[in-house]
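Data from target.txt: compact mmCIF, C-alpha atoms
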```txt
# COMPACT_ATOMS: atom_id res chain seq x y z
CA MET A 1 -28.81 -22.74 -7.36
CA GLY A 2 -26.54 -23.12 -4.33
CA PHE A 3 -23.78 -24.59 -6.48
CA PHE A 4 -23.94 -21.77 -9.05
CA SER A 5 -24.21 -19.18 -6.28
CA GLU A 6 -21.03 -20.52 -4.69
CA ILE A 7 -19.27 -20.51 -8.07
CA PHE A 8 -20.26 -16.89 -8.68
CA ASN A 9 -19.21 -15.89 -5.17
CA ARG A 10 -15.83 -17.52 -5.61
CA THR A 11 -15.42 -15.92 -9.03
CA GLY A 12 -16.32 -12.56 -7.54
CA ARG A 13 -13.77 -13.00 -4.78
CA VAL A 14 -11.10 -13.89 -7.31
CA ALA A 15 -11.98 -10.87 -9.44
CA ARG A 16 -11.98 -8.54 -6.44
CA GLY A 17 -8.69 -9.99 -5.30
CA GLN A 18 -7.13 -9.40 -8.70
CA VAL A 19 -8.42 -5.81 -8.78
CA ASN A 20 -7.08 -5.10 -5.28
CA GLN A 21 -3.78 -6.70 -6.16
CA GLY A 22 -3.63 -4.59 -9.33
CA VAL A 23 -4.31 -1.39 -7.39
CA SER A 24 -1.66 -2.27 -4.82
CA ALA A 25 0.84 -3.04 -7.58
CA MET A 26 0.00 0.25 -9.27
CA GLU A 27 0.50 2.14 -6.01
CA ASP A 28 3.83 0.39 -5.46
CA ALA A 29 4.95 1.10 -9.02
CA THR A 30 3.96 4.78 -8.93
CA PHE A 31 5.01 5.53 -5.34
CA GLU A 32 8.36 7.08 -6.21
CA THR A 33 6.85 8.99 -9.13
CA THR A 34 4.08 10.33 -6.90
CA VAL A 35 6.51 11.41 -4.20
CA ARG A 36 8.74 13.14 -6.72
CA GLN A 37 5.71 14.82 -8.28
CA THR A 38 4.71 16.14 -4.86
CA VAL A 39 8.09 17.83 -4.54
CA ALA A 40 7.71 19.18 -8.09
CA ASP A 41 4.32 20.63 -7.10
CA MET A 42 5.97 22.31 -4.12
CA LYS A 43 8.53 23.85 -6.47
CA ALA A 44 5.74 25.05 -8.77
CA GLU A 45 4.04 26.65 -5.78
CA LEU A 46 7.36 28.28 -4.88
CA ASN A 47 7.57 29.72 -8.39
CA ASN A 48 4.09 31.19 -7.98
CA VAL A 49 5.05 32.77 -4.66
CA VAL A 50 8.29 34.08 -6.17
CA ARG A 51 6.38 35.72 -9.03
CA ALA A 52 3.89 37.23 -6.57
CA SER A 53 6.75 38.42 -4.39
CA ALA A 54 8.48 39.95 -7.38
CA ALA A 55 5.30 41.80 -8.35
CA ALA A 56 4.82 43.03 -4.78
CA LEU A 57 8.44 44.11 -4.57
CA SER A 58 8.14 45.90 -7.90
CA ASN A 59 5.04 47.72 -6.66
CA TYR A 60 6.81 48.64 -3.44
CA ASN A 61 9.88 49.88 -5.33
CA SER A 62 7.71 52.05 -7.58
CA LEU A 63 5.80 53.56 -4.68
CA ASP A 64 8.95 54.03 -2.64
CA ALA A 65 10.67 55.72 -5.56
CA GLU A 66 7.73 58.09 -5.91
CA TYR A 67 7.75 58.69 -2.16
CA GLN A 68 11.48 59.35 -2.08
CA LYS A 69 11.09 61.79 -4.99
CA TYR A 70 8.70 63.96 -3.00
CA VAL A 71 10.87 63.65 0.11
CA THR A 72 13.79 64.95 -1.94
CA GLN A 73 11.67 67.74 -3.40
CA SER A 74 10.48 68.75 0.07
CA GLN A 75 14.05 68.94 1.29
CA GLN A 76 15.13 70.92 -1.77
CA TRP A 77 12.33 73.47 -1.44
CA LYS A 78 13.16 73.89 2.22
CA GLU A 79 16.80 74.63 1.36
CA ARG A 80 15.71 77.11 -1.32
CA ALA A 81 13.42 78.86 1.13
CA GLY A 82 16.40 79.24 3.44
CA GLN A 83 18.53 80.65 0.64
CA ALA A 84 15.79 83.19 -0.18
CA LEU A 85 15.65 84.29 3.44
CA ASP A 86 19.41 84.61 3.54
CA ALA A 87 19.12 86.83 0.48
CA GLY A 88 16.39 88.94 2.18
CA ASN A 89 13.68 87.81 -0.27
CA GLU A 90 10.77 86.64 1.88
CA ASP A 91 8.31 86.45 -1.02
CA LEU A 92 10.57 83.97 -2.80
CA ALA A 93 11.01 82.09 0.46
CA LYS A 94 7.23 81.82 0.80
CA LYS A 95 6.91 80.49 -2.72
CA ALA A 96 9.55 77.87 -1.98
CA LEU A 97 7.78 76.86 1.21
CA ALA A 98 4.49 76.53 -0.72
CA LYS A 99 6.21 74.07 -3.08
CA LYS A 100 7.56 72.27 -0.04
CA ALA A 101 4.02 72.01 1.33
CA GLU A 102 2.81 70.42 -1.92
CA ALA A 103 5.63 67.86 -1.74
CA ASP A 104 4.84 67.18 1.91
CA LYS A 105 1.20 66.58 0.97
CA GLN A 106 2.25 63.96 -1.60
CA ILE A 107 4.54 62.41 0.99
CA ALA A 108 1.66 62.09 3.43
CA SER A 109 -0.63 60.50 0.83
CA LEU A 110 2.02 58.00 -0.29
CA GLN A 111 3.34 57.07 3.12
CA ALA A 112 0.53 54.61 4.01
CA ALA A 113 0.64 52.96 0.58
CA VAL A 114 4.42 52.61 0.74
CA GLU A 115 4.27 51.08 4.20
CA SER A 116 1.57 48.61 3.12
CA ALA A 117 3.55 47.64 0.01
CA ARG A 118 6.68 47.17 2.12
CA LYS A 119 4.90 44.83 4.54
CA ALA A 120 3.42 42.80 1.68
CA SER A 121 6.80 42.51 0.01
CA ASP A 122 8.53 41.51 3.26
CA SER A 123 5.85 38.90 3.97
CA LEU A 124 6.18 37.36 0.52
CA LYS A 125 9.96 37.31 0.76
CA ALA A 126 9.65 35.50 4.10
CA GLN A 127 7.30 32.97 2.48
CA VAL A 128 9.81 32.42 -0.30
CA VAL A 129 12.53 31.68 2.24
CA GLU A 130 10.22 29.33 4.18
CA LEU A 131 9.11 27.51 1.04
CA LYS A 132 12.71 27.05 -0.07
CA HIS A 133 13.50 25.44 3.28
CA LYS A 134 10.40 23.23 3.01
CA ILE A 135 11.35 22.15 -0.49
CA GLU A 136 14.86 21.27 0.62
CA GLU A 137 13.39 19.28 3.49
CA GLY A 138 10.80 17.75 1.14
CA GLU A 139 13.49 16.57 -1.25
CA ARG A 140 15.36 14.93 1.62
CA THR A 141 12.14 13.41 2.93
CA ALA A 142 11.19 12.14 -0.54
CA THR A 143 14.51 10.38 -0.93
CA THR A 144 14.14 8.83 2.53
CA LEU A 145 10.54 7.76 1.87
CA VAL A 146 11.44 6.09 -1.41
CA ALA A 147 14.32 4.24 0.25
CA ARG A 148 12.09 3.15 3.16
CA LYS A 149 9.34 2.05 0.74
CA ASN A 150 11.77 -0.03 -1.31
CA ALA A 151 13.22 -1.60 1.83
CA ALA A 152 9.75 -2.40 3.16
CA MET A 153 8.71 -3.99 -0.15
CA ALA A 154 11.85 -6.12 -0.21
CA GLN A 155 11.29 -7.21 3.40
CA ARG A 156 7.66 -8.05 2.66
CA LYS A 157 8.61 -10.21 -0.31
CA VAL A 158 11.15 -12.08 1.79
CA SER A 159 8.61 -12.60 4.58
CA GLU A 160 5.96 -13.78 2.13
CA ALA A 161 8.41 -16.22 0.58
CA MET A 162 9.35 -17.60 4.00
CA ALA A 163 5.69 -17.95 4.99
CA GLY A 164 4.67 -19.42 1.65
CA VAL A 165 1.91 -16.87 1.22
CA GLY A 166 1.41 -13.61 -0.54
CA LYS A 167 1.04 -12.60 -4.12
CA ALA A 168 -0.08 -14.94 -6.86
CA ASP A 169 3.39 -14.87 -8.43
CA ASN A 170 5.00 -16.15 -5.25
CA ALA A 171 6.60 -19.42 -6.39
CA PHE A 172 6.54 -20.84 -2.89
CA ALA A 173 2.83 -20.15 -2.55
CA VAL A 174 2.13 -21.69 -5.98
CA LEU A 175 4.09 -24.82 -5.13
CA SER A 176 2.28 -25.12 -1.80
CA SER A 177 -1.08 -24.83 -3.55
CA PHE A 178 -0.04 -27.58 -5.99
CA GLU A 179 0.88 -29.82 -3.09
CA LYS A 180 -2.47 -29.22 -1.42
CA SER A 181 -4.27 -29.95 -4.68
CA VAL A 182 -2.43 -33.25 -5.14
CA ALA A 183 -3.09 -34.25 -1.53
CA LYS A 184 -6.77 -33.53 -2.02
CA GLU A 185 -6.88 -35.69 -5.15
CA GLU A 186 -5.11 -38.51 -3.32
CA ALA A 187 -7.57 -38.35 -0.44
CA THR A 188 -10.50 -38.40 -2.87
CA ALA A 189 -9.07 -41.40 -4.73
CA LYS A 190 -8.56 -43.27 -1.45
CA ALA A 191 -12.15 -42.59 -0.42
CA PHE A 192 -13.52 -43.92 -3.71
CA ASN A 193 -11.26 -46.96 -3.44
CA GLU A 194 -12.59 -47.75 0.04
CA LEU A 195 -16.15 -47.42 -1.20
CA ALA A 196 -15.44 -49.70 -4.15
CA SER A 197 -13.83 -52.41 -1.99
CA THR A 198 -16.70 -52.61 0.49
CA GLY A 199 -18.74 -55.13 -1.59
CA LYS A 200 -15.69 -57.22 -2.39
CA ASP A 201 -14.99 -57.81 1.29
CA ALA A 202 -18.50 -59.17 1.80
CA ASP A 203 -18.05 -61.63 -1.09
CA LEU A 204 -14.73 -62.68 0.33
CA GLU A 205 -16.29 -63.43 3.72
CA ALA A 206 -18.97 -65.48 2.01
CA GLU A 207 -16.35 -67.51 0.19
CA PHE A 208 -14.55 -68.23 3.47
CA ALA A 209 -17.86 -69.21 5.02
CA GLN A 210 -18.41 -71.69 2.22
CA LEU A 211 -14.95 -73.09 2.77
CA SER A 212 -15.71 -73.49 6.45
CA GLY A 213 -18.92 -75.29 5.55
CA HIS A 214 -17.07 -77.80 3.33
CA THR A 215 -14.66 -78.57 6.15
CA VAL A 216 -17.46 -79.43 8.61
CA ASP A 217 -19.14 -81.68 6.08
CA ALA A 218 -15.88 -83.47 5.41
CA GLU A 219 -15.30 -84.03 9.11
CA LEU A 220 -18.85 -85.37 9.45
CA GLU A 221 -18.31 -87.88 6.67
CA ALA A 222 -15.00 -88.94 8.19
CA LEU A 223 -16.67 -89.44 11.56
CA LYS A 224 -19.38 -91.59 9.99
CA ARG A 225 -16.81 -93.79 8.26
CA GLU A 226 -14.92 -94.19 11.53
CA ARG A 227 -17.99 -95.35 13.40
CA LEU A 228 -19.02 -97.75 10.65
CA THR A 229 -15.57 -99.31 10.77
CA ARG A 230 -15.89 -99.93 14.50
CA VAL A 231 -19.27 -101.66 14.08
CA GLU A 232 -18.04 -104.06 11.39
CA LEU A 233 -14.96 -105.29 13.40
CA PRO A 234 -15.39 -108.94 14.87
CA LYS A 235 -15.95 -109.43 18.57
CA GLU A 236 -13.01 -110.36 20.81
CA LEU A 237 -11.81 -113.97 20.25
CA PRO A 238 -12.39 -116.54 23.16
CA PRO A 239 -9.44 -117.49 25.32
CA ALA A 240 -7.33 -120.56 24.27
CA PRO A 241 -7.93 -123.97 26.04
CA GLY A 242 -5.77 -124.85 28.96
CA ARG A 243 -5.72 -121.42 30.22
```

Can the structure in the file be given as structure tokens, please?
Amino acid sequence: MGFFSEIFNRTGRVARGQVNQGVSAMEDATFETTVRQTVADMKAELNNVVRASAAALSNYNSLDAEYQKYVTQSQQWKERAGQALDAGNEDLAKKALAKKAEADKQIASLQAAVESARKASDSLKAQVVELKHKIEEGERTATTLVARKNAAMAQRKVSEAMAGVGKADNAFAVLSSFEKSVAKEEATAKAFNELASTGKDADLEAEFAQLSGHTVDAELEALKRERLTRVELPKELPPAPGR
């Protein structure tokens, strides 16, 4: 079970590594697209604000036009009341002032709405200006980010190549792994060779021991022959007469 557990663990690590590598590659591949899309989203938001600003401005213009109409009417009725007085017709002057009062009433009721519409329109116009500046800055930032990302990726690939590590498609890393694999196989073969030669060395020692034994026996036989030769030699001859 331990063997199969280790196999499954290693397989799981490989699978997780491939998934993580795939996600990283996807992020790298879509980085520029994502950055550009972010700027496009900012532009879409700007369009929404522009439309809202246009609607607010249109509402303000309508209210202001209505307001200005009553302001004009009030001024006109005031002038007419003055003309009636100049002509000595107070009743007509009163009627003109009554019309002026009606216009002034409309002015008073519209004034708050016009002011509110003006503030809303001004606020939206300010947001449009701010968003335009942000989009311009965002476009510059996006270009810079993409350039920095590309430079960082290039630098990383160079560093990985120099270190011999990194992605699975790194040729240097693949070659290094091949070298390690061959070295491991060589070490394994050497170990088996040493194990296989252990018995042969013992036999070899035994053979040398036998040779050593033959040499001792041969020397013993030679020594025996030497001693037998000494025993069989005649004794020393007697000295000659006259000496």

For segment 118-133 of chain A, I'd like the enclosing box, axis-aligned and padded by 4 Å on every side, reported as AutoDock Vina command-line options with centre and edge lengths in Å to one decimal.
```
--center_x 8.5 --center_y 36.3 --center_z 2.1 --size_x 18.1 --size_y 29.7 --size_z 12.8
```

**OP:** Find, counting all atoms listed in the file, the residue in A:Arg225, A:Arg118, A:Lys69, A:Lys100 that gets nearest to Gly82 of chain A.
**Re:**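 So, comparing all the options, the nearest one is A:Lys100.
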
Subject >> Selected residue, from A:Glu79, A:Glu90, A:Glu136, A:Glu66, that lies nearest to Gln106 of chain A when counting only C-alpha atoms >> reply: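 Counting only C-alpha atoms, the residue closest to Gln106 of chain A is A:Glu66.
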
**OP:** Would you kindly return, as a PyMOL selection string, each protein, DNA or RNA residue with an atom no farther than 10 Å from any atom of Lys95 of chain A, considering all atoms listed in the file and excluding same-chain residues fewer than 4 positions away?
**Re:** chain A and resi 77+80-81+84+90-91+99-101

**OP:** Using atom CA of Leu63 of chain A and atom CA of Ala113 of chain A as the two end points, give the distance in Å to one decimal.
**Re:** 7.4 Å

**OP:** Choose the residue, out of A:Thr229, A:Ser121, A:Thr143, A:Gln75, that has the smallest atom-to-atom separation from Val50 of chain A; count only C-alpha atoms.
**Re:** A:Ser121

**OP:** Could you please determine the separation between atom CA of Leu124 of chain A and atom CA of Val49 of chain A in Å, to one decimal place?
**Re:** 7.0 Å

Original post:
Using all atoms listed in the file, which of A:Met42, A:Phe178, A:Glu219, A:Thr30 sits nearest Glu137 of chain A?
Top reply: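 Nearest candidate to Glu137 of chain A out of A:Met42, A:Phe178, A:Glu219, A:Thr30: A:Met42.
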
Original post:
Can you tell me how far atom CA of Ala163 of chain A sits from atom CA of Ala151 of chain A, in Å to one decimal?
Top reply: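 Interatomic distance, atom CA of Ala163 of chain A to atom CA of Ala151 of chain A: 18.3 Å.
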
Original post:
Which of these, A:Ser181, A:Asp217, A:Glu226, A:Leu145, has the shortest distance to Phe31 of chain A once you count only C-alpha atoms?
Top reply: A:Leu145

Subject >> For Asn61 of chain A, the nearest of the candidates A:Asn48, A:Gln37, A:Ser116, A:Asn89, counting only C-alpha atoms >> reply: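 Residue with the minimum atom-to-atom distance to Asn61 of chain A: A:Ser116.
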
Original post:
So which residues fall inside 9 Å of (6.8, 43.2, -3.4) if we count all atoms listed in the file? Mind giving them as a PyMOL selection string?
Top reply: chain A and resi 52-61+117-125

Based on the selection just made, write C-alpha atoms of those residues as an mmCIF file, in the frame of the given file.
```
data_model
loop_
_atom_site.group_PDB
_atom_site.id
_atom_site.type_symbol
_atom_site.label_atom_id
_atom_site.label_comp_id
_atom_site.auth_asym_id
_atom_site.auth_seq_id
_atom_site.Cartn_x
_atom_site.Cartn_y
_atom_site.Cartn_z
ATOM 1 C CA ALA A 52 3.890 37.230 -6.570
ATOM 2 C CA SER A 53 6.750 38.420 -4.390
ATOM 3 C CA ALA A 54 8.480 39.950 -7.380
ATOM 4 C CA ALA A 55 5.300 41.800 -8.350
ATOM 5 C CA ALA A 56 4.820 43.030 -4.780
ATOM 6 C CA LEU A 57 8.440 44.110 -4.570
ATOM 7 C CA SER A 58 8.140 45.900 -7.900
ATOM 8 C CA ASN A 59 5.040 47.720 -6.660
ATOM 9 C CA TYR A 60 6.810 48.640 -3.440
ATOM 10 C CA ASN A 61 9.880 49.880 -5.330
ATOM 11 C CA ALA A 117 3.550 47.640 0.010
ATOM 12 C CA ARG A 118 6.680 47.170 2.120
ATOM 13 C CA LYS A 119 4.900 44.830 4.540
ATOM 14 C CA ALA A 120 3.420 42.800 1.680
ATOM 15 C CA SER A 121 6.800 42.510 0.010
ATOM 16 C CA ASP A 122 8.530 41.510 3.260
ATOM 17 C CA SER A 123 5.850 38.900 3.970
ATOM 18 C CA LEU A 124 6.180 37.360 0.520
ATOM 19 C CA LYS A 125 9.960 37.310 0.760
#
```
